[in-house]
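Report on the structure given below.
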Amino acid sequence: MLGEPRHRTEDIRAADPLGADALLAAVPLMNERADVAALTVALRALVPDQERAALWSVGGAAAAMRDLGILLGSLRRHGTQPLAAVPEALPVLEILGRRTDMVPRDTVHHYTDWNPAGPRRRSYTGHPAEARLQEAGRAVLPVLSATLDDCALVTRLEPHDARFACALDRIARRLRATADAMERTVAEVSPEYVALTLRPYFDEVEVAGRAHPGPAAVTLPLWPVDLALWACDRADPAHDAVLAEEVPYALPAWREFHARHRDGVSAVTRLAVSGGTGADRPAAEALARALRILTGLRARHLGVVRRAPRPETPRSPAALLRSVLDMTEENRTMLRRATHHRAAAGAAAR
């Protein structure tokens, strides 16, 4: 099974290598008061010695990045580039990034899946809506990680192999679980809260001359599923732009999956050629289900993004999401037409 044996979730949640529990509990109040001075002092107080940071386990390094990240985002939200205010944090962030094989900033995994629950939860605002978004990430990210195994199977099996259809069925079920989690979150968290209150904490932070966006909990990293089902040989510049933004912030196994399969042959291509008849029909039906759920999930996500009061530009999240949704729907339609044509031709031949 594809996974992250070095990034053990429970170990990271439990870890407090910086002794930050008490200090970080005060961050929501600092943010409510826009107390940049207190946030700066807090970040400076938590930055460890480089020698100490270099000795931490992967789990300890991930937990430290999580905790420093809450302060990075808080300072940035109030108009301060945190490494300009606390430059001694830069080499530590670079060490933590190397130790975890991730970018030198916290990601959505640090903010949600690796974040402790209950009184130790790291939070920008302390608001129940923020906690609900974090819980959604804790629910969805492991489900999406679990799709990697089946996406890998889909890329290397032939459509007539029964395991191909089974893998697609499992992908569809996990996409449905993701959609259900999103529905529950949308019912409880307003887009206005996300856009106006929370989003500024995810603004880009300059790290060694490069801008790194924050750990937006509203992102749905569906691109591994896209690659396996349709995108590895049918994408366009809009989807390439999504990959360029999301892949560097993924877990190592996700990045490895992208490197192996970005130039492969998609399930849609193989099923469109075979037509989904005979032994391939179960696979074609399973692929159609997965694409239907994927398009519905993306349509719902687009609706949420568009409700947020933010201008839509050609490079905005809404515009990119709309483009990827259109491509997914086009591939779904193409598969449906190809399988219908092949089925009709087979019936006529009989």
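Lettering and numbering for the structure tokens are positional, with chains as A, B, ... in the shown order, residues counted from 1 in each chain, and ligands counted from 1 in the shown order.
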
Using DSSP on the backbone coordinates, identify the residues of region 58-278 of chain A assigned to helix (DSSP H, G or I); present them as a VMD selection string. chain A and resid 58 to 77 82 to 85 89 to 100 108 to 113 118 to 120 128 to 156 162 to 188 191 to 202 223 to 231 237 to 249 252 to 261 267 to 274 278

As a ChimeraX atom specification, please: the residues near His258 (chain A) (cut-off 9 Å, only C-alpha atoms, same-chain neighbours under 3 positions excluded). /A:223-224,227,247,253-255,261-263

For Glu329 (chain A): contacts at 8 Å, only C-alpha atoms, fewer than 4 positions along chain excluded, given as a list in words: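 After dropping sequence-adjacent residues, the list is Leu291, Thr295, Leu325 and Thr333 of chain A.
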
Compile the contact shell of Ser123 (chain A) as a list in words: residues with an atom at most 8 Å away, counting only C-alpha atoms, same-chain residues fewer than 5 positions apart removed.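 That gives Leu24, Ala25, Val27, Pro28, Ile70, Glu130 and Ala131 of chain A.
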
Counting only C-alpha atoms, figure out which residue out of A:Leu46, A:Asp21, A:Trp230, A:Arg76 gets nearest to Asp203 (chain A). A:Arg76

Which residues, written as a PDB file with N, CA and C atoms, in the first residue's frame, have at least one atom at most 9 Å from Arg300 (chain A), with only C-alpha atoms counted and residues fewer than 4 positions away on the same chain left out?
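Wrote around.pdb, looks like this:
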```
ATOM      1  N   ALA A 179     -17.280  13.698  -0.945  1.00  0.00           N
ATOM      2  CA  ALA A 179     -18.414  14.570  -1.244  1.00  0.00           C
ATOM      3  C   ALA A 179     -19.335  14.703  -0.035  1.00  0.00           C
ATOM      4  N   MET A 182     -17.825  17.026   2.443  1.00  0.00           N
ATOM      5  CA  MET A 182     -17.928  18.408   1.979  1.00  0.00           C
ATOM      6  C   MET A 182     -19.334  18.951   2.204  1.00  0.00           C
ATOM      7  N   GLU A 183     -20.346  18.127   1.935  1.00  0.00           N
ATOM      8  CA  GLU A 183     -21.729  18.556   2.148  1.00  0.00           C
ATOM      9  C   GLU A 183     -21.952  18.936   3.608  1.00  0.00           C
ATOM     10  N   THR A 295     -17.316  14.792 -11.041  1.00  0.00           N
ATOM     11  CA  THR A 295     -17.866  16.039 -11.572  1.00  0.00           C
ATOM     12  C   THR A 295     -18.851  16.670 -10.594  1.00  0.00           C
ATOM     13  N   GLY A 296     -19.657  15.845  -9.925  1.00  0.00           N
ATOM     14  CA  GLY A 296     -20.579  16.392  -8.945  1.00  0.00           C
ATOM     15  C   GLY A 296     -19.858  17.036  -7.775  1.00  0.00           C
ATOM     16  N   VAL A 304     -19.363  26.573  -3.876  1.00  0.00           N
ATOM     17  CA  VAL A 304     -18.906  27.150  -2.613  1.00  0.00           C
ATOM     18  C   VAL A 304     -17.912  28.269  -2.867  1.00  0.00           C
ATOM     19  N   VAL A 305     -16.954  28.026  -3.760  1.00  0.00           N
ATOM     20  CA  VAL A 305     -15.929  29.037  -4.052  1.00  0.00           C
ATOM     21  C   VAL A 305     -16.562  30.298  -4.619  1.00  0.00           C
TER      22      VAL A 305
END
```

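Across A:Leu71, A:Val186, A:Ala146, A:Ile12, the tightest approach to Gly303 (chain A) is made by A:Val186 when counting only C-alpha atoms.
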
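Proximity to Pro128 (chain A) was assessed for A:Thr107, A:Ser145, A:Thr178, A:Thr185 counting only C-alpha atoms; the smallest distance is recorded for A:Thr185.
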
Would you pick out the contacts of Leu55 (chain A) at 10 Å or less, using only C-alpha atoms, so that residues sharing its chain but fewer than 4 positions from it are not included, and give the list as an NGL selection string? :A and (50-51 or 60-61 or 95 or 99)

Expected file contents, prior selection, N, CA, C and O atoms, as an mmCIF file, in the first residue's frame:
```
data_model
loop_
_atom_site.group_PDB
_atom_site.id
_atom_site.type_symbol
_atom_site.label_atom_id
_atom_site.label_comp_id
_atom_site.auth_asym_id
_atom_site.auth_seq_id
_atom_site.Cartn_x
_atom_site.Cartn_y
_atom_site.Cartn_z
ATOM 1 N N GLN A 50 19.252 25.391 15.657
ATOM 2 C CA GLN A 50 19.346 24.566 14.457
ATOM 3 C C GLN A 50 19.837 23.159 14.780
ATOM 4 O O GLN A 50 19.360 22.176 14.204
ATOM 5 N N GLU A 51 20.793 23.057 15.681
ATOM 6 C CA GLU A 51 21.328 21.743 16.024
ATOM 7 C C GLU A 51 20.247 20.859 16.638
ATOM 8 O O GLU A 51 20.170 19.659 16.354
ATOM 9 N N GLY A 60 8.574 14.596 14.797
ATOM 10 C CA GLY A 60 8.856 15.792 15.577
ATOM 11 C C GLY A 60 9.050 17.012 14.706
ATOM 12 O O GLY A 60 8.579 18.109 15.026
ATOM 13 N N ALA A 61 9.748 16.831 13.580
ATOM 14 C CA ALA A 61 9.964 17.953 12.656
ATOM 15 C C ALA A 61 8.645 18.423 12.061
ATOM 16 O O ALA A 61 8.412 19.626 11.900
ATOM 17 N N ILE A 95 15.575 23.427 7.559
ATOM 18 C CA ILE A 95 15.930 22.138 8.150
ATOM 19 C C ILE A 95 14.700 21.249 8.291
ATOM 20 O O ILE A 95 14.720 20.057 7.940
ATOM 21 N N ARG A 99 14.008 17.670 6.552
ATOM 22 C CA ARG A 99 13.815 16.499 7.407
ATOM 23 C C ARG A 99 12.528 15.752 7.056
ATOM 24 O O ARG A 99 12.470 14.524 7.122
#
```

What's the 12 Å shell around Val273 (chain A), counting only C-alpha atoms, without same-chain residues fewer than 4 positions away, as a ChimeraX atom specification? /A:158-159,265-269,277,280,284,334-339,341-342

For Asn331 (chain A), which residue among A:Glu256, A:Asp226, A:Glu204, A:Asp240 is the nearest when counting only C-alpha atoms? A:Asp226

Among the residues A:Leu133, A:Ala290, A:Leu271, A:Ala244, the one that comes closest to Asp169 (chain A) [using only C-alpha atoms]: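 Checking each candidate against Asp169 (chain A), we get A:Ala290 as the closest.
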
Nearest candidate to Gln134 (chain A) (options A:Ser316, A:Ala216, A:Ala177, A:Gly97; using only C-alpha atoms): A:Ala216

Using CA of Ala165 (chain A) and CA of Ala283 (chain A) as the two end points, give the distance in Å to one decimal.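 If I compute the distance from CA of Ala165 (chain A) to CA of Ala283 (chain A), I get 4.2 Å.
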
Could you state the separation of CA of Thr197 (chain A) and CA of Arg33 (chain A) in Å, given to one decimal place? 13.6 Å

Where does DSSP see strand (DSSP E) in region 21-252 of chain A, if you list the residues as a list in words?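 Strand (DSSP E) assignments inside region 21-252 of chain A correspond to Val205, Glu206, Val207, Arg210, Ala211 and His212 of chain A.
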